[in-house]
Amino acid sequence: MLLVGISKGGFGGGLGMLAVPMMSLTMPPFQAAAILLPLLCLADVIGLWAYRRKWDARNLKFMMPGAVIGIVIGALLVGVLDEHVVRLVIGFIALAFAANWFLGKHGAEPTRPNLWKGSLWAAVSGFTSFLAHAGGPPASIYLLPQRMDKTIFVGTTIVFFAAVNYVKIVPYALLGQFPAENLLTSLVLGPVAAGGMALGLWLHDKVGVALFYRICYGFLAIVGLKLIVDGLGL
């Protein structure tokens, strides 16, 4: 939860994605996701206030419809789709994208907001976010190449995932994922998430743009490897 808070505070990109795999070592993955969801929503409220009016509205307009479609597909396929396959696909995409950037093949010019690319990657993000809060890599694949100001980048991702997380509450509730045990666990972990977010906000202001993007891509690679390992059952 500390990692989730730090990531939600605007530091480390996909760092928070490590939470579900780590929690899944001691509980079923979907239960871990259900415990995390109320805390993510709490962190989103703090993030929306901290990054108010610091986001890219055009990208969000392109991304939100696709995200809702992805969430609906995820809800319909819960219990049917093999989670290992989902983890493998996301992991390989994330790792390939990070490797491409570190090898210097990410292009001389930043990309621009694009309706079709934004919709596609947002749909993948909504789908993977519903299953395991693993929407970070697909969203990053679309947003990071635009090389926007780091504060605008963080603000845009915070607004995007705030909307995604609050939409997910409805299908999670309908699927019976909020029993008293899960909600009590979320409540106990709440202060840890809030403390991590404060730390993430502090780190965000202390790190330069170049280093910030190296860290983001670095964590994207780490998360990709972790998802591949989990997908292979190693």
# chains A, B, ... in the order shown; residues from 1 in each chain; ligands from 1
call {"tool": "residues_around", "arguments": {"residues": "stretch 162-172 of chain A", "least_positions_apart": "4", "cutoff": "10 Å", "atoms": "only C-alpha atoms", "output": "MDAnalysis selection string"}}
result
chainID A and resid 30 33:34 37:45 47:48 64 67:68 70:72 74:76 122 125:127 129:131 133 135 156:158 176:178
call {"tool": "residues_around", "arguments": {"residues": "A:Ile93", "least_positions_apart": "5", "cutoff": "9 Å", "atoms": "only C-alpha atoms", "output": "list in words"}}
result
Leu88, Ala98, Pro137, Pro138, Ile141 and Gly224 of chain A
call {"tool": "closest_residue", "arguments": {"among": "A:Leu220, A:Leu201, A:Leu3, A:Leu227", "to": "A:Thr151", "atoms": "only C-alpha atoms"}}
result
A:Leu201
call {"tool": "select_by_dssp", "arguments": {"residues": "stretch 2-225 of chain A", "states": "alpha helix (DSSP H)", "output": "NGL selection string"}}
result
:A and (2-8 or 19-23 or 29-50 or 57-77 or 83-102 or 115-132 or 136-143 or 150-174 or 180-206 or 209-225)
call {"tool": "residues_around", "arguments": {"residues": "A:Lys54", "least_positions_apart": "3", "cutoff": "7 Å", "atoms": "only C-alpha atoms", "output": "ChimeraX atom specification"}}
result
/A:51,151-152,155
call {"tool": "closest_residue", "arguments": {"among": "A:Arg214, A:Arg58, A:Lys226, A:His84", "to": "A:Leu144", "atoms": "only C-alpha atoms"}}
result
A:Arg214
call {"tool": "residues_around", "arguments": {"residues": "A:Gly9", "least_positions_apart": "2", "cutoff": "9 Å", "atoms": "only C-alpha atoms", "output": "short mmCIF file (atom, residue, chain, number, x, y, z; two decimals) with N, CA and C atoms, in the first residue's frame"}}
result
data_model
loop_
_atom_site.label_atom_id
_atom_site.label_comp_id
_atom_site.auth_asym_id
_atom_site.auth_seq_id
_atom_site.Cartn_x
_atom_site.Cartn_y
_atom_site.Cartn_z
N VAL A 4 1.68 1.82 -3.57
CA VAL A 4 0.53 2.39 -4.26
C VAL A 4 0.43 3.88 -4.00
N GLY A 5 0.60 4.27 -2.73
CA GLY A 5 0.51 5.68 -2.37
C GLY A 5 1.59 6.51 -3.04
N ILE A 6 2.82 6.00 -3.05
CA ILE A 6 3.93 6.73 -3.68
C ILE A 6 3.65 6.93 -5.17
N SER A 7 3.17 5.88 -5.83
CA SER A 7 2.86 5.97 -7.26
C SER A 7 1.72 6.96 -7.52
N PHE A 11 5.07 9.66 -8.38
CA PHE A 11 6.46 9.25 -8.49
C PHE A 11 6.53 7.77 -8.84
N ALA A 43 -7.06 7.45 -2.55
CA ALA A 43 -5.87 8.12 -3.07
C ALA A 43 -6.21 9.00 -4.26
N ILE A 46 -7.36 12.46 -3.16
CA ILE A 46 -6.21 13.29 -2.77
C ILE A 46 -5.46 13.75 -4.02
N GLY A 47 -5.28 12.82 -4.97
CA GLY A 47 -4.56 13.15 -6.19
C GLY A 47 -5.27 14.18 -7.03
N ALA A 50 -4.55 17.46 -5.44
CA ALA A 50 -3.15 17.87 -5.57
C ALA A 50 -2.80 18.29 -6.99
N VAL A 154 1.45 13.20 -14.93
CA VAL A 154 0.94 12.59 -13.70
C VAL A 154 -0.52 12.98 -13.48
N ILE A 158 -3.71 10.49 -13.21
CA ILE A 158 -4.51 10.48 -11.98
C ILE A 158 -5.99 10.67 -12.30
N GLY A 196 2.03 7.14 1.97
CA GLY A 196 2.79 6.91 0.75
C GLY A 196 2.52 7.97 -0.29
N MET A 197 1.28 8.44 -0.36
CA MET A 197 0.95 9.47 -1.34
C MET A 197 1.64 10.78 -1.00
N ALA A 198 1.69 11.12 0.28
CA ALA A 198 2.41 12.32 0.69
C ALA A 198 3.89 12.22 0.31
N LEU A 199 4.47 11.04 0.48
CA LEU A 199 5.86 10.83 0.11
C LEU A 199 6.04 10.95 -1.40
N GLY A 200 5.09 10.40 -2.18
CA GLY A 200 5.17 10.49 -3.63
C GLY A 200 5.08 11.93 -4.12
N LEU A 201 4.21 12.74 -3.50
CA LEU A 201 4.10 14.16 -3.86
C LEU A 201 5.40 14.89 -3.58
N TRP A 202 6.04 14.55 -2.47
CA TRP A 202 7.32 15.20 -2.11
C TRP A 202 8.40 14.80 -3.11
N LEU A 203 8.48 13.52 -3.45
CA LEU A 203 9.50 13.05 -4.39
C LEU A 203 9.28 13.63 -5.78
N HIS A 204 8.03 13.80 -6.17
CA HIS A 204 7.73 14.36 -7.50
C HIS A 204 8.35 15.74 -7.69
#
call {"tool": "atom_distance", "arguments": {"atom1": "atom CA of A:Ile73", "atom2": "atom CA of A:Tyr142"}}
result
20.1 Å
call {"tool": "decode", "arguments": {"residues": "stretch 58-111 of chain A", "atoms": "C-alpha atoms", "output": "CSV table (one decimal), in the first residue's frame"}}
result
chain,number,residue,atom,x,y,z
A,58,ARG,CA,-7.8,16.3,-25.0
A,59,ASN,CA,-6.1,13.0,-24.1
A,60,LEU,CA,-8.7,12.3,-21.4
A,61,LYS,CA,-11.5,12.9,-24.0
A,62,PHE,CA,-9.9,10.4,-26.3
A,63,MET,CA,-9.3,7.8,-23.6
A,64,MET,CA,-12.4,7.7,-21.3
A,65,PRO,CA,-14.9,6.0,-23.7
A,66,GLY,CA,-12.4,3.2,-24.5
A,67,ALA,CA,-11.7,2.7,-20.8
A,68,VAL,CA,-15.4,2.2,-20.0
A,69,ILE,CA,-15.6,-0.4,-22.9
A,70,GLY,CA,-12.6,-2.2,-21.4
A,71,ILE,CA,-14.1,-2.3,-17.9
A,72,VAL,CA,-17.4,-3.8,-19.3
A,73,ILE,CA,-15.5,-6.5,-21.2
A,74,GLY,CA,-13.4,-7.3,-18.1
A,75,ALA,CA,-16.6,-7.6,-15.9
A,76,LEU,CA,-18.2,-9.9,-18.4
A,77,LEU,CA,-15.1,-12.1,-18.7
A,78,VAL,CA,-14.3,-12.4,-14.9
A,79,GLY,CA,-14.0,-16.1,-14.0
A,80,VAL,CA,-13.7,-17.1,-17.7
A,81,LEU,CA,-10.5,-15.5,-18.9
A,82,ASP,CA,-7.3,-17.1,-17.6
A,83,GLU,CA,-5.5,-14.5,-15.4
A,84,HIS,CA,-2.1,-15.9,-16.4
A,85,VAL,CA,-2.7,-15.2,-20.1
A,86,VAL,CA,-3.7,-11.6,-19.2
A,87,ARG,CA,-0.5,-11.1,-17.1
A,88,LEU,CA,1.7,-12.5,-19.9
A,89,VAL,CA,0.3,-10.3,-22.6
A,90,ILE,CA,0.5,-7.1,-20.5
A,91,GLY,CA,4.0,-8.1,-19.3
A,92,PHE,CA,5.5,-8.6,-22.7
A,93,ILE,CA,3.9,-5.4,-24.0
A,94,ALA,CA,5.3,-3.4,-21.1
A,95,LEU,CA,8.7,-4.9,-21.3
A,96,ALA,CA,9.0,-4.4,-25.1
A,97,PHE,CA,7.9,-0.8,-24.8
A,98,ALA,CA,10.4,0.0,-22.0
A,99,ALA,CA,13.2,-1.8,-23.9
A,100,ASN,CA,12.4,0.2,-27.0
A,101,TRP,CA,12.8,3.4,-25.0
A,102,PHE,CA,16.0,2.5,-23.3
A,103,LEU,CA,17.6,1.4,-26.6
A,104,GLY,CA,17.0,4.9,-28.0
A,105,LYS,CA,14.4,3.9,-30.6
A,106,HIS,CA,11.5,5.9,-29.2
A,107,GLY,CA,11.7,8.5,-32.0
A,108,ALA,CA,13.2,12.0,-32.2
A,109,GLU,CA,9.8,13.8,-32.0
A,110,PRO,CA,7.1,13.4,-29.4
A,111,THR,CA,3.9,11.9,-30.5
